[in-house]
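Let me begin by presenting the structure, written as structure tokens, before commenting on it.
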2 protein chains.
Amino acid sequence: MNQKILIVEDEPKLAQLLADYLTQSNFSPVIIDNGLQVTDWVKTNRPALILLDLMLPGKDGMTLCKEVRQFSQVPIIMVTARVEEIDRLLGLELGADDYICKPFSPREVLARVKAVLRRTQPDSRASNDGVVLDEDRYKASINGKELPLTAVEFHLLKILHADPGRIYSREQLMNHIYSDHRIVSDRTIDSHIKKLRKKIADISPDAEIIHSVYGVGYKFELC
Amino acid sequence: MNQKILIVEDEPKLAQLLADYLTQSNFSPVIIDNGLQVTDWVKTNRPALILLDLMLPGKDGMTLCKEVRQFSQVPIIMVTARVEEIDRLLGLELGADDYICKPFSPREVLARVKAVLRRTQPDSRASNDGVVLDEDRYKASINGKELPLTAVEFHLLKILHADPGRIYSREQLMNHIYSDHRIVSDRTIDSHIKKLRKKIADISPDAEIIHSVYGVGYKFELC
DNA sequence: GGCAACTTCCTCAAAATTTACACAATTGCG
DNA sequence: CGCAATTGTGTAAATTTTGAGGAAGTTGCC
């Protein structure tokens, strides 16, 4: 195993207890004790799961959950002090994957962590990147938010998204988009990429999904 | 009635029992016994409601629920064997409209299905778009007002209306209209669309029902 | 045959999108 | 750091696509 688990918890003893339990089960826990560093850390470190306390100094768990969901589908388990809280959270549709009430036994937490990972990992990245493309409707969405695209933009995103991480040269992209082997300038692709990025940024500012690779081309990738 | 209900359930006897009960109440149930085909099927067949088992081969119900919610608001009832509260909460959080615990009486299921449909249909425009097509008589109407159409126009409207939101290319429309693979100019389709729009505007000036999608084709959609 | 309704096509203008271009910003590398 | 290559961006031109008004061709019917 040895998957990274981020524990966001300001009570040091509790955090350490959780971390110890997770370590015993061959996870690699990391503790952050305030809300401010979370999103940045998640972006660079891509944990397999986040245990997120609701009450935090800096930024509260709800805000964080929403923020993280802007750019990532990483499983999140929310930790709350009171049972009543859960109903309220459910209503808000924050996108958390599970909820745990304090006081909890570390054993229980471990069970939940494993359950959530089991649930989310089998088919994770492939279709769980938050990007949905409906070819019949030419409708695209990111994390449920609608992304209005023109035909070329839709095709571009479709190609890149079909194989995340794979880098396509501008020429390859053009060949995929135009069945006739029309030749257009490389800047043209850049231009479409620009518009695509702009539209994505408009609805989901933190989702950096389309990356350029110097001297090679473009790729789709979370983070 | 005769609305399509999708049953996603891997236990054949149980699935058949549900299907029988639904049929008796004039629904049209369809059974899928594994998670992998679900999203595709839903996209093409647009059922009125989904009964979704939590435990499935292929993909589990929760993942499916999330996936379907990415592109559709179709009512979903989650069926679970585990009574524990947490599963219910999870199911609800994912955007399910109701949940049922096994073992259940088919009568109970039927009641839930009807209740959910009652709740969700008033504002589901699938059947509430005011468009009525009588194929036997080639008679069409919008909001009760008669719409006199020629054969080609009627076919066009029928195709587009059958799957609101889906975009059809001119070629697809031609192929649907002409069983012989006659080739007519793209402008021909435009011409029929123009006339269809005019006739619709004549009886219902505010109904912008047929939309063109630049570079792709035409679609039917309210608003 | 002649009429009326329908279908198909044509042309031109308007609308939307795509492409190009020039220049700015960034990156890789010594 | 500084240079060369590559990528990003604002803007405007070029192209493609669509809409509207017929005209011409078909079909069915009296």
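Each chain in the structure tokens gets a letter, A, B, ..., in the order shown, and its residues are numbered from 1; ligands are numbered from 1 in order too.
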Practice prompt. Compute the set of chain C residues within 10 Å of chain A, using only C-alpha atoms (C1' of nucleotides), and express it as a PyMOL selection string.
Written response: chain C and resi 16-21+27-28
Discussion item. Taking only region 26-196 of chain A into account, list the residues labelled strand (DSSP E) by DSSP (computed from the backbone), as an MDAnalysis selection string.
Written reply: chainID A and resid 28:32 49:53 76:80 98:101 131:134 139:142 145:147 167:168
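Nearest residue to chain A, choosing from D:DC1, D:DG28, D:DA23, D:DG10 and counting only C-alpha atoms (C1' of nucleotides): D:DG10.
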Worksheet item: Which residues come within 10 Å of Phe154 (chain B), counting only C-alpha atoms (C1' of nucleotides), excluding same-chain residues fewer than 6 positions away, as number ranges by chain?
Response: B: 133-135, 138-140, 147-148, 177, 192, 196
Could you dump the residues just selected with N, CA, C and O atoms as a compact mmCIF listing (two decimals), in the first residue's frame?
```txt
# COMPACT_ATOMS: atom_id res chain seq x y z
N LEU B 133 -46.99 14.38 -30.77
CA LEU B 133 -46.90 13.90 -32.15
C LEU B 133 -47.73 12.63 -32.30
O LEU B 133 -47.49 11.65 -31.60
N ASP B 134 -48.69 12.69 -33.16
CA ASP B 134 -49.52 11.52 -33.42
C ASP B 134 -49.07 10.92 -34.75
O ASP B 134 -49.42 11.41 -35.82
N GLU B 135 -48.29 9.84 -34.65
CA GLU B 135 -47.66 9.31 -35.87
C GLU B 135 -48.67 8.67 -36.80
O GLU B 135 -48.46 8.64 -38.01
N TYR B 138 -50.21 11.70 -38.44
CA TYR B 138 -49.31 12.78 -38.86
C TYR B 138 -49.80 14.12 -38.35
O TYR B 138 -49.74 15.13 -39.05
N LYS B 139 -50.29 14.09 -37.12
CA LYS B 139 -50.75 15.34 -36.55
C LYS B 139 -49.83 15.75 -35.41
O LYS B 139 -49.48 14.94 -34.55
N ALA B 140 -49.47 17.00 -35.42
CA ALA B 140 -48.61 17.52 -34.37
C ALA B 140 -49.30 18.69 -33.70
O ALA B 140 -50.11 19.38 -34.31
N LEU B 147 -50.56 21.99 -35.18
CA LEU B 147 -49.41 22.39 -35.98
C LEU B 147 -49.48 21.63 -37.29
O LEU B 147 -49.17 20.44 -37.34
N PRO B 148 -49.90 22.28 -38.36
CA PRO B 148 -50.05 21.56 -39.63
C PRO B 148 -48.71 21.39 -40.31
O PRO B 148 -48.06 22.36 -40.68
N ILE B 177 -34.76 10.52 -42.56
CA ILE B 177 -35.95 10.89 -43.32
C ILE B 177 -36.11 10.03 -44.57
O ILE B 177 -37.19 9.62 -44.92
N HIS B 192 -36.12 22.93 -44.80
CA HIS B 192 -37.23 22.32 -44.05
C HIS B 192 -37.26 22.85 -42.61
O HIS B 192 -38.32 23.11 -42.06
N LEU B 196 -40.34 24.60 -40.80
CA LEU B 196 -40.82 24.06 -39.53
C LEU B 196 -40.81 25.16 -38.48
O LEU B 196 -41.79 25.38 -37.76
```
Worksheet entry | All residues 7 Å or closer to region 40-49 of chain A, only C-alpha atoms (C1' of nucleotides), same chain fewer than 3 positions away omitted, as a list in words | Gln3, Lys4, Ile5, Leu6, Gln37, Val74, Pro75, Ile76 and Cys223 of chain A
With the cut-off set at 9 Å and counting only C-alpha atoms (C1' of nucleotides), tabulate each residue of chain D with an atom at most that distance from an atom of chain A, showing the nearest atom pair and its distance in Å to one decimal, ordered by chain and increasing number, as JSON lines.
```
{"residue": "D:DA5", "atom": "C1'", "partner": "A:Gly215", "partner_atom": "CA", "distance": 8.5}
{"residue": "D:DT6", "atom": "C1'", "partner": "A:Gly215", "partner_atom": "CA", "distance": 6.4}
{"residue": "D:DT7", "atom": "C1'", "partner": "A:Tyr214", "partner_atom": "CA", "distance": 7.6}
{"residue": "D:DG8", "atom": "C1'", "partner": "A:Lys194", "partner_atom": "CA", "distance": 7.6}
{"residue": "D:DT9", "atom": "C1'", "partner": "A:Lys194", "partner_atom": "CA", "distance": 8.2}
```
Practice prompt. With a distance threshold of 6 Å and counting only C-alpha atoms, extract the residues of chain B near chain A and express them as JSON, numbers by chain.
Written response: {"B": [70, 93, 165, 166, 167]}
Practice prompt. Give me every alpha helix (DSSP H) residue in chain B, going by DSSP on the backbone, as a ChimeraX atom specification.
Written response: /B:12-24,38-45,61-71,85-93,106-120,151-162,170-177,186-203
Fill in: Computed interatomic separation between C1' of DA4 (chain C) and C1' of DC29 (chain D) (Å)
9.1 Å
Practice prompt. Write out as a count of residues only the residues lying within 9 Å of region 8-22 of chain B, counting only C-alpha atoms (C1' of nucleotides) and excluding same-chain residues fewer than 6 positions away.
Written response: 23
Worksheet entry | Distance in Å - CA of Val113 (chain B) versus CA of Ile77 (chain B) |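 Here the two named atoms are 7.7 Å from each other.
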Near DA13 (chain C), counting only C-alpha atoms (C1' of nucleotides), which residues have an atom at most 12 Å away, once you skip same-chain residues fewer than 6 positions from it, shown as a PDB file with all heavy atoms, in the first residue's frame?
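See selection.pdb below for the written result:
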```pdb
ATOM      1  P    DT D  18     -24.217  24.913 -39.839  1.00  0.00           P
ATOM      2  OP1  DT D  18     -24.476  24.229 -38.572  1.00  0.00           O
ATOM      3  OP2  DT D  18     -24.277  24.181 -41.122  1.00  0.00           O
ATOM      4  O5'  DT D  18     -25.180  26.178 -39.922  1.00  0.00           O
ATOM      5  C5'  DT D  18     -25.191  27.101 -38.846  1.00  0.00           C
ATOM      6  C4'  DT D  18     -26.064  28.293 -39.181  1.00  0.00           C
ATOM      7  O4'  DT D  18     -25.507  28.993 -40.314  1.00  0.00           O
ATOM      8  C3'  DT D  18     -27.508  27.937 -39.556  1.00  0.00           C
ATOM      9  O3'  DT D  18     -28.366  28.680 -38.723  1.00  0.00           O
ATOM     10  C2'  DT D  18     -27.619  28.342 -41.029  1.00  0.00           C
ATOM     11  C1'  DT D  18     -26.561  29.423 -41.133  1.00  0.00           C
ATOM     12  N1   DT D  18     -25.971  29.638 -42.482  1.00  0.00           N
ATOM     13  C2   DT D  18     -26.000  30.904 -43.037  1.00  0.00           C
ATOM     14  O2   DT D  18     -26.504  31.853 -42.485  1.00  0.00           O
ATOM     15  N3   DT D  18     -25.419  30.992 -44.277  1.00  0.00           N
ATOM     16  C4   DT D  18     -24.813  29.981 -44.991  1.00  0.00           C
ATOM     17  O4   DT D  18     -24.322  30.193 -46.083  1.00  0.00           O
ATOM     18  C5   DT D  18     -24.817  28.693 -44.353  1.00  0.00           C
ATOM     19  C7   DT D  18     -24.195  27.529 -45.047  1.00  0.00           C
ATOM     20  C6   DT D  18     -25.391  28.571 -43.136  1.00  0.00           C
ATOM     21  P    DG D  19     -29.924  28.590 -38.874  1.00  0.00           P
ATOM     22  OP1  DG D  19     -30.521  28.752 -37.534  1.00  0.00           O
ATOM     23  OP2  DG D  19     -30.222  27.414 -39.704  1.00  0.00           O
ATOM     24  O5'  DG D  19     -30.261  29.897 -39.724  1.00  0.00           O
ATOM     25  C5'  DG D  19     -30.105  31.178 -39.119  1.00  0.00           C
ATOM     26  C4'  DG D  19     -30.775  32.223 -39.984  1.00  0.00           C
ATOM     27  O4'  DG D  19     -30.061  32.316 -41.241  1.00  0.00           O
ATOM     28  C3'  DG D  19     -32.221  31.917 -40.360  1.00  0.00           C
ATOM     29  O3'  DG D  19     -32.948  33.143 -40.351  1.00  0.00           O
ATOM     30  C2'  DG D  19     -32.120  31.314 -41.743  1.00  0.00           C
ATOM     31  C1'  DG D  19     -30.930  32.069 -42.329  1.00  0.00           C
ATOM     32  N9   DG D  19     -30.154  31.329 -43.318  1.00  0.00           N
ATOM     33  C8   DG D  19     -29.775  30.012 -43.282  1.00  0.00           C
ATOM     34  N7   DG D  19     -29.049  29.647 -44.319  1.00  0.00           N
ATOM     35  C5   DG D  19     -28.949  30.802 -45.075  1.00  0.00           C
ATOM     36  C6   DG D  19     -28.285  31.037 -46.304  1.00  0.00           C
ATOM     37  O6   DG D  19     -27.634  30.248 -46.984  1.00  0.00           O
ATOM     38  N1   DG D  19     -28.423  32.357 -46.722  1.00  0.00           N
ATOM     39  C2   DG D  19     -29.115  33.326 -46.043  1.00  0.00           C
ATOM     40  N2   DG D  19     -29.151  34.524 -46.590  1.00  0.00           N
ATOM     41  N3   DG D  19     -29.741  33.122 -44.888  1.00  0.00           N
ATOM     42  C4   DG D  19     -29.619  31.843 -44.470  1.00  0.00           C
ATOM     43  P    DA D  20     -34.487  33.155 -40.667  1.00  0.00           P
ATOM     44  OP1  DA D  20     -35.073  34.074 -39.671  1.00  0.00           O
ATOM     45  OP2  DA D  20     -34.965  31.759 -40.782  1.00  0.00           O
ATOM     46  O5'  DA D  20     -34.592  33.824 -42.104  1.00  0.00           O
ATOM     47  C5'  DA D  20     -33.858  35.015 -42.384  1.00  0.00           C
ATOM     48  C4'  DA D  20     -34.193  35.490 -43.783  1.00  0.00           C
ATOM     49  O4'  DA D  20     -33.334  34.813 -44.732  1.00  0.00           O
ATOM     50  C3'  DA D  20     -35.631  35.202 -44.223  1.00  0.00           C
ATOM     51  O3'  DA D  20     -36.114  36.318 -44.946  1.00  0.00           O
ATOM     52  C2'  DA D  20     -35.504  33.960 -45.095  1.00  0.00           C
ATOM     53  C1'  DA D  20     -34.117  34.150 -45.706  1.00  0.00           C
ATOM     54  N9   DA D  20     -33.426  32.911 -46.029  1.00  0.00           N
ATOM     55  C8   DA D  20     -33.457  31.727 -45.343  1.00  0.00           C
ATOM     56  N7   DA D  20     -32.714  30.784 -45.874  1.00  0.00           N
ATOM     57  C5   DA D  20     -32.162  31.387 -46.988  1.00  0.00           C
ATOM     58  C6   DA D  20     -31.276  30.918 -47.981  1.00  0.00           C
ATOM     59  N6   DA D  20     -30.783  29.680 -48.003  1.00  0.00           N
ATOM     60  N1   DA D  20     -30.909  31.774 -48.953  1.00  0.00           N
ATOM     61  C2   DA D  20     -31.404  33.014 -48.924  1.00  0.00           C
ATOM     62  N3   DA D  20     -32.246  33.571 -48.045  1.00  0.00           N
ATOM     63  C4   DA D  20     -32.589  32.693 -47.096  1.00  0.00           C
ATOM     64  P    DG D  21     -37.632  36.368 -45.352  1.00  0.00           P
ATOM     65  OP1  DG D  21     -38.159  37.667 -44.881  1.00  0.00           O
ATOM     66  OP2  DG D  21     -38.289  35.104 -44.984  1.00  0.00           O
ATOM     67  O5'  DG D  21     -37.521  36.423 -46.939  1.00  0.00           O
ATOM     68  C5'  DG D  21     -36.566  37.291 -47.531  1.00  0.00           C
ATOM     69  C4'  DG D  21     -36.429  36.939 -49.004  1.00  0.00           C
ATOM     70  O4'  DG D  21     -35.607  35.751 -49.130  1.00  0.00           O
ATOM     71  C3'  DG D  21     -37.773  36.596 -49.675  1.00  0.00           C
ATOM     72  O3'  DG D  21     -37.825  37.220 -50.945  1.00  0.00           O
ATOM     73  C2'  DG D  21     -37.745  35.084 -49.792  1.00  0.00           C
ATOM     74  C1'  DG D  21     -36.251  34.832 -49.982  1.00  0.00           C
ATOM     75  N9   DG D  21     -35.817  33.486 -49.609  1.00  0.00           N
ATOM     76  C8   DG D  21     -36.252  32.745 -48.537  1.00  0.00           C
ATOM     77  N7   DG D  21     -35.679  31.561 -48.458  1.00  0.00           N
ATOM     78  C5   DG D  21     -34.823  31.535 -49.550  1.00  0.00           C
ATOM     79  C6   DG D  21     -33.930  30.514 -49.981  1.00  0.00           C
ATOM     80  O6   DG D  21     -33.729  29.403 -49.478  1.00  0.00           O
ATOM     81  N1   DG D  21     -33.247  30.892 -51.127  1.00  0.00           N
ATOM     82  C2   DG D  21     -33.384  32.092 -51.771  1.00  0.00           C
ATOM     83  N2   DG D  21     -32.643  32.284 -52.849  1.00  0.00           N
ATOM     84  N3   DG D  21     -34.216  33.060 -51.368  1.00  0.00           N
ATOM     85  C4   DG D  21     -34.890  32.709 -50.263  1.00  0.00           C
TER      86       DG D  21
END
```
Item to complete: State, in Å with one decimal place, the distance from CA of Leu64 (chain B) to CA of Asp129 (chain B).
Response: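 These two atoms are separated by 28.0 Å.
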Fill in: Shell of 10 Å around DT26 (chain D), only C-alpha atoms (C1' of nucleotides), local chain residues under 5 positions omitted, as a PyMOL selection string
chain C and resi 6-8
